[in-house]
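One file, start.txt, carrying compact mmCIF, C-alpha atoms:
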```
# COMPACT_ATOMS: atom_id res chain seq x y z
CA MET J 1 -6.26 63.44 77.76
CA GLN J 2 -9.38 61.38 77.52
CA LYS J 3 -10.04 62.59 74.01
CA HIS J 4 -6.49 61.77 72.96
CA THR J 5 -6.86 58.21 74.24
CA ASN J 6 -10.11 57.64 72.37
CA LYS J 7 -8.56 58.92 69.16
CA LYS J 8 -5.68 56.46 69.51
CA LYS J 9 -8.06 53.55 70.03
CA LYS J 10 -9.96 54.47 66.92
CA THR J 11 -6.71 54.59 64.96
CA ASP J 12 -5.68 51.15 66.23
CA THR J 13 -9.01 49.69 65.20
CA ARG J 14 -8.65 50.98 61.68
CA THR J 15 -5.09 49.65 61.50
CA GLY J 16 -6.29 46.19 62.54
CA LYS J 17 -8.98 46.14 59.93
CA THR J 18 -6.50 47.19 57.27
CA ALA J 19 -4.08 44.44 58.28
CA ALA J 20 -6.89 41.87 58.19
CA LYS J 21 -7.90 43.01 54.75
CA LYS J 22 -4.32 42.70 53.51
CA LYS J 23 -4.06 39.24 55.01
CA ASN J 24 -7.30 38.14 53.37
CA SER J 25 -6.13 39.62 50.06
CA ARG J 26 -2.84 37.68 50.20
CA SER J 27 -4.76 34.51 51.09
CA LYS J 28 -7.07 34.98 48.11
CA ARG J 29 -4.11 35.60 45.80
CA ARG J 30 -2.39 32.43 46.98
CA LYS J 31 -5.60 30.46 46.55
CA SER J 32 -6.11 31.96 43.08
CA SER J 33 -2.51 31.06 42.18
CA ARG J 34 -3.03 27.47 43.29
CA VAL J 35 -6.23 27.25 41.23
CA ARG J 36 -4.41 28.63 38.18
CA GLN J 37 -1.56 26.15 38.63
CA ARG J 38 -4.01 23.28 38.98
CA ASN J 39 -5.93 24.40 35.89
CA GLN J 40 -2.68 24.72 33.94
CA SER J 41 -1.68 21.22 35.02
CA ILE J 42 -5.03 19.83 33.89
CA PHE J 43 -4.77 21.72 30.60
CA MET J 44 -1.26 20.40 29.93
CA SER J 45 -2.37 16.85 30.71
CA LEU J 46 -5.29 17.17 28.30
CA MET J 47 -3.02 18.59 25.60
CA LEU J 48 -0.58 15.70 26.09
CA LEU J 49 -3.45 13.21 25.79
CA VAL J 50 -4.67 14.89 22.59
CA ILE J 51 -1.15 14.75 21.11
CA ILE J 52 -0.82 11.06 21.98
CA VAL J 53 -4.21 10.30 20.38
CA LEU J 54 -3.27 12.27 17.25
CA ILE J 55 0.05 10.44 16.93
CA GLY J 56 -1.74 7.09 17.32
CA TRP J 57 -4.31 8.09 14.70
CA ILE J 58 -1.56 9.12 12.26
CA ILE J 59 0.33 5.85 12.81
CA ILE J 60 -2.82 3.75 12.24
CA ASN J 61 -3.70 5.65 9.06
CA ARG J 62 -0.17 5.41 7.72
CA ALA J 63 -0.25 1.70 8.50
CA GLY J 64 -3.50 1.30 6.55
CA GLU J 65 -2.04 3.18 3.58
CA ASN J 66 0.96 0.84 3.54
CA GLY J 67 -1.12 -2.30 3.83
CA TRP J 68 -0.39 -3.02 7.45
CA SER J 69 -2.87 -4.50 9.87
CA ILE J 70 -2.72 -5.41 13.52
CA GLY J 71 -3.09 -9.08 12.62
CA ASP J 72 0.10 -8.94 10.56
CA PHE J 73 2.17 -8.39 13.68
CA LEU J 74 0.67 -11.38 15.46
CA HIS J 75 2.33 -13.83 13.07
CA ASN J 76 5.82 -15.19 13.44
CA SER J 77 8.07 -13.23 11.11
CA ASP J 78 10.00 -16.36 10.14
CA THR J 79 6.94 -18.11 8.75
CA MET J 80 4.69 -15.28 7.60
CA VAL J 81 5.42 -12.96 4.70
CA SER J 82 4.99 -9.77 6.70
CA ASP J 83 4.14 -6.34 5.32
CA GLY J 84 7.51 -5.09 6.47
CA GLU J 85 9.09 -7.56 4.09
CA GLN J 86 6.68 -6.64 1.33
CA SER J 87 7.91 -3.07 1.13
CA GLY J 88 10.56 -4.23 -1.35
CA THR J 89 13.25 -2.31 0.55
CA ASP J 90 16.14 -3.45 2.71
CA ASN J 91 15.27 -4.06 6.34
CA THR J 92 16.50 -5.98 9.35
CA ASP J 93 13.65 -8.49 9.38
CA SER J 94 15.07 -12.01 9.54
CA SER J 95 12.77 -13.02 6.68
CA GLY J 96 14.27 -10.44 4.33
CA GLY J 97 12.50 -9.14 1.22
CA PRO J 98 12.08 -10.03 -2.49
CA GLU J 99 15.83 -10.46 -3.05
CA GLN J 100 16.14 -12.71 -0.01
CA TRP J 101 13.11 -14.71 -1.12
CA GLN J 102 14.84 -15.39 -4.43
CA LYS J 103 17.77 -16.88 -2.53
CA GLU J 104 15.25 -19.18 -0.83
CA GLY J 105 13.83 -20.39 -4.15
CA ALA J 106 11.06 -17.89 -4.92
CA PRO J 107 10.74 -16.08 -8.24
CA TYR J 108 11.21 -12.32 -7.94
CA ILE J 109 8.04 -10.87 -6.37
CA ASP J 110 6.88 -7.36 -7.24
CA VAL J 111 4.87 -6.25 -4.23
CA GLU J 112 1.97 -4.05 -5.42
CA LEU J 113 -0.54 -4.34 -2.59
CA LEU J 114 -4.14 -3.38 -3.26
CA THR J 115 -5.71 -0.47 -1.45
CA PRO J 116 -7.78 -1.88 1.43
CA ASN J 117 -11.42 -2.10 0.35
CA GLU J 118 -14.35 -4.49 0.78
CA TYR J 119 -14.42 -5.60 -2.88
CA SER J 120 -10.90 -6.95 -3.33
CA ARG J 121 -8.86 -6.51 -0.15
CA PRO J 122 -11.13 -6.78 2.90
CA GLN J 123 -8.19 -7.15 5.34
CA ILE J 124 -9.74 -10.21 6.99
CA PRO J 125 -6.95 -12.15 8.74
CA ILE J 126 -5.95 -15.68 7.74
CA GLU J 127 -5.34 -17.46 11.01
CA SER J 128 -3.53 -20.44 9.49
CA VAL J 129 -2.45 -21.16 5.90
CA GLN J 130 -3.41 -24.73 4.94
CA TYR J 131 -3.56 -24.67 1.12
CA ILE J 132 -2.09 -23.03 -1.96
CA ALA J 133 -4.70 -22.73 -4.74
CA ILE J 134 -3.85 -22.45 -8.43
CA HIS J 135 -6.20 -20.50 -10.74
CA TYR J 136 -6.18 -19.25 -14.32
CA THR J 137 -7.22 -15.69 -15.17
CA ALA J 138 -9.64 -16.66 -18.00
CA ASN J 139 -8.61 -13.56 -19.99
CA PRO J 140 -6.07 -14.77 -22.60
CA GLY J 141 -3.10 -12.49 -23.20
CA ALA J 142 -3.70 -10.22 -20.22
CA THR J 143 -0.67 -9.29 -18.13
CA ALA J 144 -0.13 -9.77 -14.41
CA ILE J 145 -0.24 -6.06 -13.66
CA ALA J 146 -3.42 -5.65 -15.72
CA ASN J 147 -5.13 -8.29 -13.59
CA ARG J 148 -3.81 -6.64 -10.42
CA ASN J 149 -5.18 -3.27 -11.58
CA TYR J 150 -8.56 -4.86 -12.29
CA PHE J 151 -8.69 -5.96 -8.65
CA GLU J 152 -7.67 -2.46 -7.56
CA ASN J 153 -10.41 -0.80 -9.63
CA LEU J 154 -13.10 -2.87 -7.94
CA ALA J 155 -12.80 -0.47 -5.01
CA THR J 156 -14.36 2.10 -7.35
CA THR J 157 -16.53 0.08 -9.73
CA HIS J 158 -18.01 -2.31 -7.11
CA ASP J 159 -18.67 -4.76 -9.95
CA THR J 160 -17.93 -7.88 -7.91
CA LYS J 161 -15.78 -9.21 -5.09
CA VAL J 162 -12.71 -10.97 -6.44
CA SER J 163 -8.92 -10.92 -5.95
CA SER J 164 -5.88 -13.09 -5.48
CA HIS J 165 -2.75 -12.99 -3.35
CA PHE J 166 -0.45 -13.34 -6.36
CA VAL J 167 -0.69 -13.04 -10.14
CA VAL J 168 1.89 -14.78 -12.34
CA GLY J 169 2.37 -13.11 -15.73
CA LEU J 170 3.19 -14.28 -19.23
CA ASP J 171 6.87 -13.43 -18.79
CA GLY J 172 7.04 -15.19 -15.46
CA GLU J 173 6.70 -11.97 -13.48
CA VAL J 174 4.94 -12.27 -10.12
CA VAL J 175 2.84 -9.46 -8.67
CA GLN J 176 1.68 -9.68 -5.07
CA CYS J 177 -1.70 -8.05 -4.45
CA ILE J 178 -2.55 -9.05 -0.88
CA PRO J 179 -0.38 -9.91 2.16
CA THR J 180 -0.26 -13.59 3.01
CA SER J 181 -1.69 -12.73 6.43
CA GLU J 182 -4.98 -11.61 4.82
CA MET J 183 -7.78 -13.30 2.88
CA SER J 184 -8.37 -12.86 -0.84
CA TYR J 185 -11.63 -13.43 -2.72
CA ALA J 186 -10.61 -16.34 -4.97
CA THR J 187 -11.26 -19.80 -3.60
CA ASN J 188 -14.77 -19.58 -2.14
CA SER J 189 -15.12 -21.61 1.08
CA ARG J 190 -11.34 -22.08 1.24
CA ASN J 191 -10.60 -18.34 1.32
CA VAL J 192 -10.24 -18.57 5.10
CA ASP J 193 -7.12 -20.77 4.98
CA THR J 194 -5.80 -20.60 1.42
CA LEU J 195 -3.32 -18.48 -0.52
CA SER J 196 -4.40 -18.03 -4.14
CA ILE J 197 -2.24 -17.74 -7.23
CA GLU J 198 -3.80 -16.49 -10.49
CA CYS J 199 -1.86 -17.49 -13.59
CA CYS J 200 -1.96 -15.69 -16.93
CA HIS J 201 -2.16 -17.71 -20.16
CA PRO J 202 -1.66 -16.86 -23.83
CA ASP J 203 -4.75 -18.47 -25.36
CA GLU J 204 -8.20 -19.99 -24.77
CA THR J 205 -6.83 -23.40 -23.79
CA GLY J 206 -5.75 -21.97 -20.45
CA LYS J 207 -2.38 -23.72 -20.68
CA PHE J 208 0.44 -21.81 -19.00
CA ASN J 209 3.45 -20.99 -21.13
CA GLU J 210 6.89 -22.06 -19.94
CA ALA J 211 7.72 -18.81 -18.11
CA THR J 212 4.39 -18.71 -16.28
CA TYR J 213 4.56 -22.40 -15.42
CA ASP J 214 8.09 -22.11 -14.05
CA SER J 215 7.26 -19.14 -11.81
CA ALA J 216 4.00 -20.74 -10.61
CA VAL J 217 5.89 -23.90 -9.61
CA LYS J 218 8.62 -21.94 -7.80
CA LEU J 219 6.14 -19.64 -6.05
CA SER J 220 3.95 -22.56 -4.93
CA ALA J 221 6.94 -24.51 -3.60
CA TRP J 222 8.37 -21.52 -1.78
CA LEU J 223 5.05 -20.82 -0.09
CA CYS J 224 4.75 -24.49 0.90
CA VAL J 225 8.17 -24.36 2.57
CA ARG J 226 7.38 -21.12 4.39
CA PHE J 227 4.10 -22.44 5.77
CA GLY J 228 5.17 -26.03 6.43
CA LEU J 229 3.07 -27.54 3.64
CA THR J 230 3.69 -30.25 1.03
CA SER J 231 2.70 -30.57 -2.63
CA GLU J 232 -0.45 -32.35 -1.40
CA ASN J 233 -1.58 -29.00 -0.02
CA VAL J 234 -1.45 -27.44 -3.49
CA ILE J 235 -4.95 -27.53 -4.98
CA ARG J 236 -6.94 -26.26 -7.93
CA HIS J 237 -9.96 -24.01 -7.68
CA TYR J 238 -11.76 -27.00 -9.21
CA ASP J 239 -10.95 -29.11 -6.14
CA VAL J 240 -12.99 -26.75 -3.97
CA THR J 241 -16.02 -25.87 -6.10
CA GLY J 242 -15.86 -28.03 -9.24
CA LYS J 243 -15.28 -24.89 -11.33
CA ASN J 244 -13.30 -25.44 -14.55
CA CYS J 245 -10.30 -23.59 -13.15
CA PRO J 246 -7.46 -23.70 -13.97
CA LYS J 247 -9.04 -24.86 -17.22
CA TYR J 248 -6.17 -26.72 -18.89
CA TYR J 249 -5.17 -28.47 -15.65
CA VAL J 250 -8.74 -29.61 -15.00
CA GLU J 251 -9.30 -30.88 -18.55
CA ASN J 252 -5.87 -32.54 -18.58
CA PRO J 253 -5.44 -34.33 -15.24
CA ASP J 254 -2.02 -35.70 -16.23
CA ALA J 255 -0.74 -32.14 -16.66
CA TRP J 256 -1.92 -31.33 -13.15
CA ILE J 257 -0.25 -34.43 -11.72
CA GLN J 258 2.96 -33.37 -13.45
CA MET J 259 2.70 -29.86 -12.06
CA LYS J 260 2.30 -31.15 -8.51
CA SER J 261 5.27 -33.44 -9.06
CA ASP J 262 7.36 -30.48 -10.23
CA ILE J 263 6.28 -28.52 -7.16
CA ALA J 264 7.33 -31.41 -4.91
CA VAL J 265 10.79 -31.47 -6.52
CA GLN J 266 11.12 -27.70 -6.09
CA ILE J 267 10.11 -27.97 -2.42
CA ASP J 268 13.08 -30.30 -1.85
CA VAL J 269 15.34 -27.85 -3.66
CA ASP J 270 14.11 -24.98 -1.47
CA TYR J 271 14.75 -26.90 1.73
CA GLY J 272 18.25 -27.52 0.44
CA LEU J 273 18.71 -23.77 -0.13
CA GLN J 274 17.67 -23.12 3.45
CA ASP J 275 20.24 -25.62 4.72
CA VAL J 276 22.95 -23.86 2.72
CA GLN J 277 22.03 -20.55 4.31
```
Exercise: express the given structure as structure tokens:
Amino acid sequence: MQKHTNKKKKTDTRTGKTAAKKKNSRSKRRKSSRVRQRNQSIFMSLMLLVIIVLIGWIIINRAGENGWSIGDFLHNSDTMVSDGEQSGTDNTDSSGGPEQWQKEGAPYIDVELLTPNEYSRPQIPIESVQYIAIHYTANPGATAIANRNYFENLATTHDTKVSSHFVVGLDGEVVQCIPTSEMSYATNSRNVDTLSIECCHPDETGKFNEATYDSAVKLSAWLCVRFGLTSENVIRHYDVTGKNCPKYYVENPDAWIQMKSDIAVQIDVDYGLQDVQ
């Protein structure tokens, strides 16, 4: 009887130890499961963060490829020619695009923005447009797109730093090279607050032919209206540095006075077009 009792006690002891082991094992499994769940949660959060960063990186790079900059979106869309407008496609922006600009008095503008680079399109913001500067290309017979492509190639050649917001061609065509929210390298100390217009010319005199002159007047007036300027804010490169540019309109002051007068008349016409709309 005594032996039987002792054997039972030993059996109970072993059973207790087994139960304790099972309990500890279940506790460890639960703890391990919680650790795995926590690690999975951390992993998913990190993956989500990586995806968000990648999407942001893609958006920024696409924006750079299309000529966008953060500064462009800080300007009022009704007074700044935004990059959304400059796509040349239909959009819901209240400022429209090239076709809408024509209705407001502008010549048709072919938007061919330069690739961002430090030699011709540095993407430095213009905080406030105060002047419109007229230049001549100084390469008789060259087309607007040829001058635009010269600016583009500077990113590769590194020959110099030069560019312009717009180039007006011999047939009156207008090519836009740089957004109006960014600086160009054209008017020296006035680059910081000036939009520059390079004008093609048929010969060494630097005189604009009728088509070029007409588009330059319309473009200058339209920009004045958009930025709240007058014909007094239209200047020559000469007025900033004394450089003989635009040559014909420096050497013939009366021709320059006439051009500014024509711009003033066109400004009034453009304001009238806005009232109609």
- [ ] Write out as a PyMOL selection string which residues come within 8 Å of J:Glu104 when counting only C-alpha atoms, dropping same-chain ones fewer than 2 positions away.
- [x] chain J and resi 100-102+106+222+270+273-274
- [ ] Record the distance separating atom CA of J:Val225 and atom CA of J:Thr194, expressed in Å with one decimal.
- [x] 14.5 Å
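Considering all atoms listed in the file, the residue among J:Asp268, J:Glu232, J:Glu251, J:Glu152 positioned nearest to J:Ala133 is J:Glu232.
Residues lying at most 9 Å from (-14.1, -27.7, -3.3) in file coordinates, with all atoms listed in the file considered, are Thr187, Asn188, Ser189, Arg190, Arg236, His237, Tyr238, Asp239, Val240, Thr241, Gly242 and Lys243 of chain J.
The space between atom CA of J:Pro202 and atom CA of J:Thr137 spans 10.4 Å.
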Open item on the list: Using all atoms listed in the file for the distances, tell me which of J:Glu182, J:Gly97, J:Val167, J:Gly172 is nearest to J:Pro116.
Closed with: J:Glu182
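Using all atoms listed in the file, the shortest contact distance between J:Gly105 and any of J:Ser220, J:Thr230, J:Thr205, J:Gln123 is found at J:Ser220.
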Task: Nearest to J:Leu223 by atom-to-atom distance, counting only C-alpha atoms, from J:Ile178, J:Val269, J:Leu195, J:Ile55 - done: J:Leu195
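Proximity to J:His201 was assessed for J:Met183, J:Cys245, J:Leu154, J:Ala138 counting all atoms listed in the file; the smallest distance is recorded for J:Ala138.
The space between atom CA of J:Ile52 and atom CA of J:Arg121 spans 29.4 Å.
For the set J:Ser163, J:Gln266, J:Ser261, J:Asn139, the residue with the smallest atom-to-atom gap to J:Tyr119 is J:Ser163, counting only C-alpha atoms.
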Open item on the list: Need the shell around J:Cys224: protein/DNA/RNA residues with any atom at most 9 Å away, counting all atoms listed in the file. Skip same-chain ones fewer than 2 positions apart. Format as a PyMOL selection string?
Closed with: chain J and resi 131-132+219-222+226-231+233-234+267
